[in-house]
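First comes the structure, then the notes that go with it.
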Amino acid sequence: MAESEYIHKSHNVSVLIYHFVCPAKYRRVVFDDDVDSVLKESCQEIEKRYDIRFLEIGTDKDHVHFLIQSVPKISATQIIRTIKSITAKEVFIRCPGVKKKLSASM
């Protein structure tokens with residue numbers, strides 16, 4: 001992942017960094033090595049399409065941490081909505097066992 005630096009746009013310079021923690025549904029244990037690699041690959045694709053830079057991505061068994069740098073024109077809500085929707089779709093497609101774990105009864 002990239003190192004934090006100033007983002008230069010036409011009318012401003014910014015250093016805006018967010019730390020998001022996203023637990024899995026019902027705190028289920030779903031983040032293994034396969035899911036971790038799919039998640040990181042998806043985040044690299046997000047970086048190419050949006051003004052979002054991932055400084056750090058860390059997973060535990062039931063949650064993921066994102067350290068993200070972005071520009072002020074994108075709200076925190078928009079950032080996390082974009083990340084969660086794109087990564088969830090990719091994880092469900094490439095790791096079908098995750099969807100089964102999340103939909104199984106407690």
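Labeling convention for the structure tokens: chains A, B, ... as they appear, residues from 1 per chain, ligands from 1 in order of appearance.
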
Selection near stretch 17-32 of chain A, 8 Å with only C-alpha atoms, sequence-local residues under 3 positions removed, as a CSV table (one decimal) with C-alpha atoms, in the first residue's frame:
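Heads up, here's the output in part.csv:
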chain,number,residue,atom,x,y,z
A,35,VAL,CA,-10.6,-13.6,1.5
A,36,ASP,CA,-7.7,-11.3,2.5
A,59,THR,CA,-7.8,-8.2,8.6
A,60,ASP,CA,-8.6,-10.2,11.7
A,61,LYS,CA,-10.8,-13.2,11.8
A,62,ASP,CA,-14.1,-11.2,12.1
A,63,HIS,CA,-13.2,-7.6,11.0
A,64,VAL,CA,-11.1,-5.6,8.7
A,65,HIS,CA,-9.3,-2.3,9.3
A,66,PHE,CA,-8.8,0.3,6.5
A,67,LEU,CA,-6.5,3.3,6.8
A,68,ILE,CA,-7.5,5.5,3.8
A,69,GLN,CA,-6.5,8.8,2.3
A,70,SER,CA,-8.9,10.7,0.2
A,76,ALA,CA,-16.7,9.4,4.6
A,80,ILE,CA,-17.1,3.4,3.0
A,98,VAL,CA,-18.3,-16.7,2.8
A,101,LYS,CA,-21.1,-18.7,6.5
A,102,LEU,CA,-22.9,-15.3,6.7

> Just how far from atom CA of A:Arg94 is atom CA of A:Ile79, in Å to one decimal?
Replying inline: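 Taking atom CA of A:Ile79 and atom CA of A:Arg94, their separation equals 22.6 Å.
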
> Using only C-alpha atoms, which residue out of A:Ile7, A:Val13, A:Ile74, A:Ala88 lies closest to A:Ser42?
Replying inline: A:Ala88

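A straight-line distance of 21.6 Å separates atom CA of A:Tyr6 from atom CA of A:Ile83.
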
> So, counting only C-alpha atoms, which residue among A:Thr77, A:Ala104, A:Gly58, A:Val38 is closest to A:Lys89?
Replying inline: A:Val38

>> For the structure I just gave you, how does DSSP split chain A - specifically, which residues are strand (DSSP E)? Reply as a list in words.
In response: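 Going through chain A, the strand (DSSP E) residues come out as Ile7, His8, Val13, Ser14, Leu16, Ile17, Tyr18, His19, Phe20, Val21, Cys22, Pro23, Ile52, Arg53, Phe54, Leu55, Glu56, Ile57, Gly58, Thr59, His63, Val64, His65, Phe66, Leu67, Ile68, Gln69 and Ser70 of chain A.
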
Write the residues you've just listed into a file as an mmCIF file, in the first residue's frame, and include N, CA and C atoms for each of them.
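Below is the file that was written, result-v9.cif:
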data_model
loop_
_atom_site.group_PDB
_atom_site.id
_atom_site.type_symbol
_atom_site.label_atom_id
_atom_site.label_comp_id
_atom_site.auth_asym_id
_atom_site.auth_seq_id
_atom_site.Cartn_x
_atom_site.Cartn_y
_atom_site.Cartn_z
ATOM 1 N N ILE A 7 -2.179 15.398 -1.386
ATOM 2 C CA ILE A 7 -2.906 15.233 -2.635
ATOM 3 C C ILE A 7 -3.110 16.631 -3.212
ATOM 4 N N HIS A 8 -2.560 16.864 -4.387
ATOM 5 C CA HIS A 8 -2.640 18.173 -5.031
ATOM 6 C C HIS A 8 -3.737 18.152 -6.085
ATOM 7 N N VAL A 13 -4.744 21.598 -1.639
ATOM 8 C CA VAL A 13 -3.810 20.543 -1.263
ATOM 9 C C VAL A 13 -4.346 19.963 0.033
ATOM 10 N N SER A 14 -4.411 18.641 0.125
ATOM 11 C CA SER A 14 -5.015 18.062 1.325
ATOM 12 C C SER A 14 -4.285 16.814 1.785
ATOM 13 N N LEU A 16 -6.034 14.094 4.100
ATOM 14 C CA LEU A 16 -7.229 13.683 4.819
ATOM 15 C C LEU A 16 -7.181 12.163 4.951
ATOM 16 N N ILE A 17 -7.063 11.688 6.189
ATOM 17 C CA ILE A 17 -6.889 10.261 6.424
ATOM 18 C C ILE A 17 -7.999 9.750 7.334
ATOM 19 N N TYR A 18 -8.585 8.614 6.954
ATOM 20 C CA TYR A 18 -9.647 7.976 7.721
ATOM 21 C C TYR A 18 -9.190 6.600 8.191
ATOM 22 N N HIS A 19 -9.686 6.200 9.363
ATOM 23 C CA HIS A 19 -9.483 4.833 9.849
ATOM 24 C C HIS A 19 -10.873 4.220 10.016
ATOM 25 N N PHE A 20 -11.171 3.199 9.221
ATOM 26 C CA PHE A 20 -12.457 2.519 9.288
ATOM 27 C C PHE A 20 -12.243 1.098 9.799
ATOM 28 N N VAL A 21 -13.147 0.639 10.655
ATOM 29 C CA VAL A 21 -13.162 -0.749 11.108
ATOM 30 C C VAL A 21 -14.509 -1.327 10.696
ATOM 31 N N CYS A 22 -14.477 -2.378 9.901
ATOM 32 C CA CYS A 22 -15.705 -2.978 9.382
ATOM 33 C C CYS A 22 -15.815 -4.420 9.859
ATOM 34 N N PRO A 23 -16.709 -4.689 10.801
ATOM 35 C CA PRO A 23 -16.897 -6.071 11.246
ATOM 36 C C PRO A 23 -17.727 -6.857 10.234
ATOM 37 N N ILE A 52 -9.368 7.505 -3.915
ATOM 38 C CA ILE A 52 -9.205 6.832 -2.624
ATOM 39 C C ILE A 52 -7.872 6.094 -2.668
ATOM 40 N N ARG A 53 -7.058 6.311 -1.655
ATOM 41 C CA ARG A 53 -5.769 5.627 -1.555
ATOM 42 C C ARG A 53 -5.753 4.814 -0.264
ATOM 43 N N PHE A 54 -5.436 3.538 -0.374
ATOM 44 C CA PHE A 54 -5.372 2.662 0.794
ATOM 45 C C PHE A 54 -3.948 2.682 1.340
ATOM 46 N N LEU A 55 -3.785 3.213 2.541
ATOM 47 C CA LEU A 55 -2.476 3.253 3.180
ATOM 48 C C LEU A 55 -2.186 1.937 3.877
ATOM 49 N N GLU A 56 -3.200 1.371 4.520
ATOM 50 C CA GLU A 56 -3.064 0.078 5.213
ATOM 51 C C GLU A 56 -4.381 -0.677 5.133
ATOM 52 N N ILE A 57 -4.296 -1.989 5.002
ATOM 53 C CA ILE A 57 -5.460 -2.868 5.089
ATOM 54 C C ILE A 57 -5.055 -4.021 5.993
ATOM 55 N N GLY A 58 -5.790 -4.200 7.077
ATOM 56 C CA GLY A 58 -5.480 -5.284 7.998
ATOM 57 C C GLY A 58 -6.731 -6.066 8.335
ATOM 58 N N THR A 59 -6.612 -7.383 8.298
ATOM 59 C CA THR A 59 -7.771 -8.214 8.621
ATOM 60 C C THR A 59 -7.497 -9.025 9.882
ATOM 61 N N HIS A 63 -13.129 -9.035 11.439
ATOM 62 C CA HIS A 63 -13.246 -7.633 11.014
ATOM 63 C C HIS A 63 -12.031 -7.226 10.190
ATOM 64 N N VAL A 64 -12.166 -6.094 9.516
ATOM 65 C CA VAL A 64 -11.089 -5.563 8.687
ATOM 66 C C VAL A 64 -10.885 -4.093 9.028
ATOM 67 N N HIS A 65 -9.626 -3.651 9.031
ATOM 68 C CA HIS A 65 -9.259 -2.259 9.272
ATOM 69 C C HIS A 65 -8.779 -1.650 7.958
ATOM 70 N N PHE A 66 -9.239 -0.436 7.676
ATOM 71 C CA PHE A 66 -8.769 0.314 6.518
ATOM 72 C C PHE A 66 -8.197 1.636 7.004
ATOM 73 N N LEU A 67 -7.005 1.984 6.560
ATOM 74 C CA LEU A 67 -6.455 3.321 6.750
ATOM 75 C C LEU A 67 -6.429 3.924 5.353
ATOM 76 N N ILE A 68 -7.251 4.959 5.155
ATOM 77 C CA ILE A 68 -7.541 5.464 3.819
ATOM 78 C C ILE A 68 -7.246 6.947 3.737
ATOM 79 N N GLN A 69 -6.655 7.351 2.621
ATOM 80 C CA GLN A 69 -6.468 8.770 2.336
ATOM 81 C C GLN A 69 -7.352 9.124 1.151
ATOM 82 N N SER A 70 -8.023 10.271 1.251
ATOM 83 C CA SER A 70 -8.914 10.694 0.178
ATOM 84 C C SER A 70 -8.928 12.208 0.094
#

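For the residues A:Phe92, A:Lys9, A:Lys99, A:Thr87, ranking by smallest atom-to-atom distance to A:Lys40 using only C-alpha atoms places A:Thr87 first.
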
> So which bits of chain A end up helix (DSSP H, G or I) when you DSSP the backbone, as a PyMOL selection string?
Replying inline: chain A and resi 25-27+33-49+76-94+96-103

> When you draw a straight line from atom CA of A:Cys43 to atom CA of A:His11, how long is it in Å?
Replying inline: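 Atom-to-atom, atom CA of A:Cys43 to atom CA of A:His11, that is 27.1 Å.
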